[in-house]
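Colleague: Input structure_35.cif, format and content: mmCIF, C-alpha atoms.
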data_structure
#
loop_
_atom_site.label_atom_id
_atom_site.label_comp_id
_atom_site.auth_asym_id
_atom_site.auth_seq_id
_atom_site.Cartn_x
_atom_site.Cartn_y
_atom_site.Cartn_z
CA MET A 1 30.79 -8.37 17.60
CA THR A 2 29.68 -7.42 14.10
CA GLU A 3 26.08 -6.34 13.66
CA LYS A 4 24.05 -8.50 11.27
CA LYS A 5 22.96 -6.92 8.02
CA SER A 6 19.28 -7.30 7.18
CA TYR A 7 18.45 -8.48 3.69
CA LEU A 8 14.72 -8.16 4.17
CA LYS A 9 12.97 -5.95 1.68
CA TYR A 10 10.38 -3.36 2.64
CA LYS A 11 6.82 -4.64 2.14
CA ILE A 12 4.83 -1.65 0.92
CA CYS A 13 1.10 -1.90 0.31
CA VAL A 14 -0.54 0.31 -2.30
CA SER A 15 -4.18 0.92 -1.48
CA GLY A 16 -6.38 2.79 -3.92
CA ALA A 17 -9.37 2.95 -6.18
CA ALA A 18 -10.09 -0.14 -8.28
CA GLU A 19 -12.55 1.98 -10.27
CA THR A 20 -10.72 5.18 -11.19
CA GLY A 21 -13.27 7.38 -12.96
CA HIS A 22 -13.22 9.91 -10.09
CA CYS A 23 -9.42 10.03 -9.74
CA ASN A 24 -7.40 12.97 -11.01
CA GLU A 25 -6.22 12.80 -14.61
CA ASP A 26 -2.58 11.89 -13.86
CA THR A 27 -3.31 9.46 -11.01
CA LEU A 28 -2.64 6.23 -12.93
CA GLU A 29 0.75 7.48 -14.10
CA LYS A 30 1.57 8.57 -10.54
CA ALA A 31 0.52 5.12 -9.27
CA LYS A 32 2.85 3.53 -11.81
CA GLU A 33 5.67 5.77 -10.58
CA VAL A 34 4.93 4.78 -6.96
CA GLY A 35 5.38 1.14 -7.95
CA LYS A 36 8.71 1.93 -9.58
CA GLU A 37 9.91 3.93 -6.57
CA ILE A 38 9.01 1.13 -4.16
CA ILE A 39 11.27 -1.22 -6.14
CA ARG A 40 14.05 1.38 -6.46
CA HIS A 41 14.06 1.66 -2.66
CA ASN A 42 14.53 -2.09 -1.93
CA GLY A 43 10.83 -2.80 -1.62
CA VAL A 44 8.29 -5.40 -2.59
CA LEU A 45 4.91 -4.12 -3.69
CA VAL A 46 1.90 -5.63 -1.94
CA THR A 47 -1.56 -5.09 -3.45
CA GLY A 48 -5.12 -6.28 -3.07
CA ALA A 49 -4.67 -8.10 -6.41
CA THR A 50 -7.15 -5.72 -7.97
CA SER A 51 -7.56 -3.28 -10.83
CA GLY A 52 -7.15 0.52 -10.84
CA THR A 53 -4.41 2.29 -8.92
CA PRO A 54 -2.95 -0.83 -7.22
CA TYR A 55 -2.81 -2.51 -10.65
CA TRP A 56 -0.97 0.47 -12.15
CA ALA A 57 1.47 0.42 -9.26
CA ALA A 58 2.04 -3.27 -10.06
CA ILE A 59 2.74 -2.39 -13.71
CA GLY A 60 5.33 0.16 -12.59
CA ALA A 61 6.93 -2.28 -10.16
CA LYS A 62 7.23 -4.98 -12.82
CA GLU A 63 8.63 -2.49 -15.35
CA GLU A 64 11.33 -1.76 -12.76
CA GLY A 65 12.04 -5.50 -12.40
CA GLY A 66 10.48 -5.82 -8.95
CA ILE A 67 8.40 -8.31 -7.04
CA VAL A 68 4.63 -7.88 -6.65
CA VAL A 69 2.55 -9.88 -4.18
CA GLY A 70 -1.24 -9.74 -4.26
CA LEU A 71 -3.75 -10.72 -1.60
CA SER A 72 -7.06 -11.62 -3.19
CA PRO A 73 -10.50 -11.53 -1.57
CA ALA A 74 -11.29 -14.79 -3.42
CA ALA A 75 -10.71 -18.33 -2.18
CA SER A 76 -9.26 -19.58 -5.49
CA GLU A 77 -7.76 -18.41 -8.74
CA ARG A 78 -10.97 -19.40 -10.51
CA ALA A 79 -13.11 -17.28 -8.15
CA HIS A 80 -10.59 -14.44 -8.39
CA ILE A 81 -11.02 -14.33 -12.17
CA LYS A 82 -14.63 -15.46 -12.68
CA SER A 83 -16.52 -14.18 -9.61
CA TYR A 84 -14.49 -11.14 -8.61
CA ARG A 85 -13.30 -10.33 -12.15
CA LEU A 86 -9.83 -9.39 -10.93
CA PRO A 87 -6.54 -9.49 -12.87
CA THR A 88 -3.68 -11.93 -12.37
CA ASP A 89 -1.04 -10.29 -14.55
CA TYR A 90 1.77 -8.09 -13.19
CA HIS A 91 1.91 -10.14 -9.99
CA ASP A 92 4.54 -12.71 -9.03
CA LEU A 93 2.36 -14.33 -6.40
CA ILE A 94 -1.31 -14.06 -5.48
CA ILE A 95 -2.52 -15.38 -2.14
CA TYR A 96 -6.19 -16.39 -2.27
CA THR A 97 -7.45 -15.48 1.20
CA GLY A 98 -11.11 -16.43 0.82
CA PHE A 99 -11.95 -13.64 3.27
CA GLU A 100 -13.80 -11.37 0.83
CA TYR A 101 -12.87 -7.69 0.74
CA SER A 102 -13.01 -6.74 4.41
CA GLY A 103 -10.98 -9.75 5.58
CA ARG A 104 -8.53 -9.33 2.73
CA ASN A 105 -8.06 -5.67 3.69
CA LEU A 106 -7.05 -6.64 7.22
CA LEU A 107 -4.47 -9.17 6.02
CA LEU A 108 -3.23 -6.79 3.33
CA THR A 109 -2.43 -3.94 5.69
CA ARG A 110 -1.13 -6.09 8.53
CA SER A 111 1.27 -8.02 6.30
CA SER A 112 2.87 -4.78 5.09
CA ASP A 113 5.44 -2.50 6.71
CA ALA A 114 3.58 0.56 5.45
CA VAL A 115 0.52 1.54 3.40
CA ILE A 116 0.31 4.09 0.59
CA VAL A 117 -3.07 5.58 -0.33
CA ILE A 118 -3.63 6.70 -3.93
CA CYS A 119 -7.03 8.17 -4.85
CA GLY A 120 -9.50 5.66 -3.41
CA ARG A 121 -13.08 4.96 -2.43
CA MET A 122 -14.71 3.22 0.56
CA GLY A 123 -12.47 0.13 0.46
CA THR A 124 -9.40 2.37 0.48
CA LEU A 125 -10.80 4.21 3.49
CA ASN A 126 -11.26 0.82 5.20
CA GLU A 127 -7.64 -0.11 4.53
CA PHE A 128 -6.51 3.31 5.75
CA THR A 129 -8.46 3.05 9.02
CA ILE A 130 -7.07 -0.44 9.70
CA ALA A 131 -3.53 0.83 9.16
CA PHE A 132 -4.24 3.94 11.25
CA GLU A 133 -5.67 1.88 14.15
CA ASP A 134 -2.66 -0.47 13.93
CA ASN A 135 -0.36 2.58 14.13
CA LYS A 136 1.32 1.70 10.83
CA PRO A 137 3.33 4.18 8.78
CA ILE A 138 1.05 5.57 6.07
CA GLY A 139 1.83 7.61 2.97
CA ILE A 140 -0.85 9.68 1.25
CA LEU A 141 -0.26 10.52 -2.40
CA THR A 142 -2.07 13.84 -2.47
CA LYS A 143 -3.67 15.49 -5.49
CA THR A 144 -4.87 12.12 -6.80
CA GLY A 145 -8.56 12.56 -5.92
CA GLY A 146 -10.98 10.47 -3.88
CA THR A 147 -10.11 9.23 -0.42
CA ALA A 148 -6.48 10.37 -0.61
CA ASP A 149 -7.52 14.00 -0.81
CA MET A 150 -9.97 13.66 2.10
CA ILE A 151 -7.74 11.92 4.65
CA LYS A 152 -6.02 14.98 6.12
CA ASP A 153 -9.43 16.49 6.89
CA ILE A 154 -10.80 13.20 8.26
CA VAL A 155 -7.80 12.76 10.57
CA ALA A 156 -8.17 16.34 11.85
CA LYS A 157 -11.88 15.82 12.62
CA VAL A 158 -11.72 12.44 14.40
CA HIS A 159 -9.59 13.71 17.32
CA ARG A 160 -7.30 10.66 17.49
CA GLY A 161 -4.01 12.41 16.86
CA PRO A 162 -2.04 12.75 13.64
CA GLY A 163 -1.02 9.09 13.34
CA LYS A 164 2.15 8.12 11.51
CA ILE A 165 1.20 9.74 8.23
CA VAL A 166 3.24 11.54 5.60
CA TYR A 167 1.75 13.46 2.70
CA ASP A 168 3.19 14.39 -0.69
CA SER A 169 2.03 14.73 -4.28
CA ASP A 170 5.40 13.54 -5.65
CA PRO A 171 5.80 9.70 -5.67
CA LYS A 172 9.58 9.77 -5.08
CA LYS A 173 9.39 12.23 -2.18
CA LEU A 174 6.47 10.31 -0.65
CA ILE A 175 8.39 7.00 -0.70
CA GLU A 176 11.45 8.63 0.85
CA LYS A 177 9.40 10.21 3.66
CA LEU A 178 7.51 6.96 4.26
CA LEU A 179 10.62 4.79 4.45
CA LYS A 180 12.10 7.13 7.06
CA LEU A 181 9.04 6.37 9.20
CA VAL A 182 9.37 2.63 8.55
CA ASP A 183 13.07 2.68 9.50
CA ARG A 184 12.27 4.61 12.67
CA GLU A 185 9.65 1.97 13.59
CA LYS A 186 12.11 -0.85 12.96
CA GLU A 187 14.75 0.85 15.15
CA ILE A 188 12.24 1.18 17.99
CA LYS A 189 11.27 -2.50 17.72
CA ILE A 190 14.91 -3.62 17.64
CA THR A 191 15.68 -1.50 20.72
CA LYS A 192 12.71 -2.99 22.58
CA PHE A 193 13.75 -6.53 21.55
CA LYS A 194 17.31 -6.04 22.80
CA ALA A 195 16.20 -4.55 26.12
#
Is it possible to give me this structure as structure tokens?
Modeller:
Amino acid sequence: MTEKKSYLKYKICVSGAAETGHCNEDTLEKAKEVGKEIIRHNGVLVTGATSGTPYWAAIGAKEEGGIVVGLSPAASERAHIKSYRLPTDYHDLIIYTGFEYSGRNLLLTRSSDAVIVICGRMGTLNEFTIAFEDNKPIGILTKTGGTADMIKDIVAKVHRGPGKIVYDSDPKKLIEKLLKLVDREKEIKITKFKA
């Protein structure tokens, strides 16, 4: 019997600072490169439909001809633009969750196969902790400032184990390491399903 080939794309969430004044100087360009690498590796970019590093990742993904899906904290396109003041460009689809930021963060991380942290502030830390508690594969783009550069220390101090986290300052290497974790997770789930 021939094994079925999967045509599903990887769903990779980019989590990061919407306000980037504290990020390292080259962070936005690195975020753009992350978006491109996600597409080059058969992925779909998933974002919080926001500005800053996720937005730059979306720009990179679209420049590479990829698909970008956003999950908005707003309940409608009007609220997304007028109340939250968030962008709609560089996305193929935006889902208006109506769950504000904390509810959106939960859906964002759970709907993705893996989460990448670039720079970041408190909301990024929230998305990271959700992914960590859910035992998701996580990639940390180091040397980007903010939350991303604090996570290794936070993980060491909370005494919960290392999680499924890979670290790298190079976008291409980070995506390759992260997708190895994702593939390993999928193999484990398939094995359990067949058993």
Colleague: Which polymer residues have any atom within 6 Å of an atom of region 86-90 of chain A, counting all atoms listed in the file, with same-chain residues fewer than 6 positions away left out, as a list of chain:residue names?
Modeller: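 Those residues are A:Thr50, A:Ala58, A:Ile59, A:His80.
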Colleague: Which residues fall under the PyMOL selection byres ((chain A and resi 146) around 12) in this file, as a PyMOL selection string?
Modeller: chain A and resi 15-25+27+53+117-125+140-145+147-151
Colleague: Can you work out which one of A:Tyr10, A:Tyr167, A:Tyr84, A:Phe132 has the shortest atom-to-atom distance to Ile39 (chain A), counting only C-alpha atoms?
Modeller: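 Looking at the shortest contact to Ile39 (chain A), the residue is A:Tyr10.
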Colleague: What is the distance, in Å and to one decimal place, between CA of Lys186 (chain A) and CA of Gly43 (chain A)?
Modeller: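 Atom-to-atom, CA of Lys186 (chain A) to CA of Gly43 (chain A), that is 14.8 Å.
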Colleague: Under the rule that only C-alpha atoms are counted, which of A:Val46, A:Ala61, A:Leu179, A:Ile94 is the nearest residue to Ser76 (chain A)?
Modeller: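 Of the candidates, the smallest distance to Ser76 (chain A) is held by A:Ile94.
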Colleague: Using the chain letters and numbers from the file, which residues does the PyMOL selection byres ((chain A and resi 154-166) around 8) grab, as a tab-separated table (two decimals) with C-alpha atoms, in the coordinates of the input?
Modeller:
chain	number	residue	atom	x	y	z
A	132	PHE	CA	-4.24	3.94	11.25
A	135	ASN	CA	-0.36	2.58	14.13
A	136	LYS	CA	1.32	1.70	10.83
A	137	PRO	CA	3.33	4.18	8.78
A	138	ILE	CA	1.05	5.57	6.07
A	139	GLY	CA	1.83	7.61	2.97
A	140	ILE	CA	-0.85	9.68	1.25
A	150	MET	CA	-9.97	13.66	2.10
A	151	ILE	CA	-7.74	11.92	4.65
A	152	LYS	CA	-6.02	14.98	6.12
A	153	ASP	CA	-9.43	16.49	6.89
A	167	TYR	CA	1.75	13.46	2.70
A	168	ASP	CA	3.19	14.39	-0.69
A	174	LEU	CA	6.47	10.31	-0.65
A	177	LYS	CA	9.40	10.21	3.66
A	178	LEU	CA	7.51	6.96	4.26
A	181	LEU	CA	9.04	6.37	9.20
Colleague: Residues at most 12 Å from His91 (chain A), counting all atoms listed in the file, excluding those fewer than 3 positions away in the same chain, as a compact mmCIF listing (two decimals) with C-alpha atoms, keeping the file's coordinate frame?
Modeller:
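Ended up saving to part.txt:
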# COMPACT_ATOMS: atom_id res chain seq x y z
CA GLY A 35 5.38 1.14 -7.95
CA VAL A 44 8.29 -5.40 -2.59
CA LEU A 45 4.91 -4.12 -3.69
CA VAL A 46 1.90 -5.63 -1.94
CA THR A 47 -1.56 -5.09 -3.45
CA GLY A 48 -5.12 -6.28 -3.07
CA ALA A 49 -4.67 -8.10 -6.41
CA THR A 50 -7.15 -5.72 -7.97
CA SER A 51 -7.56 -3.28 -10.83
CA PRO A 54 -2.95 -0.83 -7.22
CA TYR A 55 -2.81 -2.51 -10.65
CA TRP A 56 -0.97 0.47 -12.15
CA ALA A 57 1.47 0.42 -9.26
CA ALA A 58 2.04 -3.27 -10.06
CA ILE A 59 2.74 -2.39 -13.71
CA GLY A 60 5.33 0.16 -12.59
CA ALA A 61 6.93 -2.28 -10.16
CA LYS A 62 7.23 -4.98 -12.82
CA GLU A 63 8.63 -2.49 -15.35
CA GLY A 65 12.04 -5.50 -12.40
CA GLY A 66 10.48 -5.82 -8.95
CA ILE A 67 8.40 -8.31 -7.04
CA VAL A 68 4.63 -7.88 -6.65
CA VAL A 69 2.55 -9.88 -4.18
CA GLY A 70 -1.24 -9.74 -4.26
CA LEU A 71 -3.75 -10.72 -1.60
CA SER A 72 -7.06 -11.62 -3.19
CA LEU A 86 -9.83 -9.39 -10.93
CA PRO A 87 -6.54 -9.49 -12.87
CA THR A 88 -3.68 -11.93 -12.37
CA ILE A 94 -1.31 -14.06 -5.48
CA ILE A 95 -2.52 -15.38 -2.14
Colleague: By how many Å are CA of Glu185 (chain A) and CA of Ser102 (chain A) apart?
Modeller: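 Pair CA of Glu185 (chain A) / CA of Ser102 (chain A) returns 26.0 Å.
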Colleague: Quick one, how far is CA of Val34 (chain A) from CA of Ser169 (chain A)?
Modeller: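 Interatomic distance, CA of Val34 (chain A) to CA of Ser169 (chain A): 10.7 Å.
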Colleague: Neighbours of Thr109 (chain A) within 10 Å (only C-alpha atoms; same-chain residues fewer than 5 positions away dropped), as a VMD selection string?
Modeller: chain A and resid 11 to 15 46 to 48 104 114 to 116 127 to 132 134 136
Colleague: I need the output of the PyMOL selection byres ((chain A and resi 97) around 6) for this file as number ranges by chain; which residues are they?
Modeller: A: 72-73, 75, 95-96, 98-99
Colleague: With distances taken over only C-alpha atoms, which of A:Glu187, A:Asp170, A:Val182, A:Ala79 is nearest to Glu29 (chain A)?
Modeller: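 Counting only C-alpha atoms, the residue closest to Glu29 (chain A) is A:Asp170.
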Colleague: I need region 137-162 of chain A written out with N, CA and C atoms, as a tab-separated table (two decimals), in the first residue's frame; please produce it.
Modeller:
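So the final result, stored in result-v7.tsv, reads:
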chain	number	residue	atom	x	y	z
A	137	PRO	N	6.34	23.65	19.23
A	137	PRO	CA	7.68	24.03	18.79
A	137	PRO	C	7.77	25.56	18.70
A	138	ILE	N	8.86	26.10	19.22
A	138	ILE	CA	9.05	27.55	19.26
A	138	ILE	C	10.45	27.88	18.75
A	139	GLY	N	10.53	28.90	17.92
A	139	GLY	CA	11.81	29.40	17.44
A	139	GLY	C	12.02	30.81	17.95
A	140	ILE	N	13.20	31.07	18.49
A	140	ILE	CA	13.53	32.40	19.01
A	140	ILE	C	14.59	33.01	18.10
A	141	LEU	N	14.24	34.12	17.45
A	141	LEU	CA	15.21	34.84	16.63
A	141	LEU	C	16.00	35.75	17.56
A	142	THR	N	17.16	35.27	17.96
A	142	THR	CA	17.99	35.98	18.93
A	142	THR	C	18.63	37.22	18.31
A	143	LYS	N	19.16	38.05	19.18
A	143	LYS	CA	19.82	39.30	18.79
A	143	LYS	C	18.88	40.24	18.05
A	144	THR	N	17.59	40.20	18.46
A	144	THR	CA	16.61	41.13	17.88
A	144	THR	C	16.07	42.09	18.94
A	145	GLY	N	16.47	41.90	20.20
A	145	GLY	CA	16.04	42.79	21.27
A	145	GLY	C	14.77	42.30	21.96
A	146	GLY	N	14.35	43.06	22.96
A	146	GLY	CA	13.09	42.79	23.66
A	146	GLY	C	12.96	41.38	24.21
A	147	THR	N	11.75	40.88	24.16
A	147	THR	CA	11.40	39.58	24.73
A	147	THR	C	12.27	38.45	24.18
A	148	ALA	N	12.54	38.48	22.89
A	148	ALA	CA	13.32	37.40	22.27
A	148	ALA	C	14.66	37.19	22.95
A	149	ASP	N	15.28	38.28	23.38
A	149	ASP	CA	16.59	38.15	24.01
A	149	ASP	C	16.52	37.86	25.51
A	150	MET	N	15.32	37.80	26.05
A	150	MET	CA	15.14	37.46	27.47
A	150	MET	C	14.67	36.03	27.69
A	151	ILE	N	14.14	35.40	26.66
A	151	ILE	CA	13.45	34.12	26.83
A	151	ILE	C	14.35	33.02	27.38
A	152	LYS	N	15.57	32.90	26.87
A	152	LYS	CA	16.46	31.83	27.36
A	152	LYS	C	16.64	31.94	28.87
A	153	ASP	N	16.82	33.15	29.36
A	153	ASP	CA	16.98	33.38	30.80
A	153	ASP	C	15.69	33.09	31.56
A	154	ILE	N	14.56	33.50	31.02
A	154	ILE	CA	13.26	33.24	31.65
A	154	ILE	C	13.03	31.75	31.77
A	155	VAL	N	13.24	31.02	30.69
A	155	VAL	CA	13.03	29.56	30.69
A	155	VAL	C	13.93	28.89	31.73
A	156	ALA	N	15.17	29.33	31.84
A	156	ALA	CA	16.10	28.74	32.81
A	156	ALA	C	15.63	29.00	34.24
A	157	LYS	N	15.02	30.14	34.50
A	157	LYS	CA	14.63	30.51	35.86
A	157	LYS	C	13.27	29.99	36.31
A	158	VAL	N	12.42	29.54	35.39
A	158	VAL	CA	11.08	29.10	35.80
A	158	VAL	C	11.01	27.62	36.14
A	159	HIS	N	12.07	26.88	35.94
A	159	HIS	CA	12.17	25.47	36.36
A	159	HIS	C	11.04	24.60	35.81
A	160	ARG	N	10.77	24.75	34.50
A	160	ARG	CA	9.74	23.94	33.85
A	160	ARG	C	10.31	23.11	32.72
A	161	GLY	N	11.62	23.03	32.64
A	161	GLY	CA	12.26	22.30	31.56
A	161	GLY	C	12.52	23.21	30.37
A	162	PRO	N	13.25	22.70	29.39
A	162	PRO	CA	13.67	23.53	28.27
A	162	PRO	C	12.59	23.79	27.23
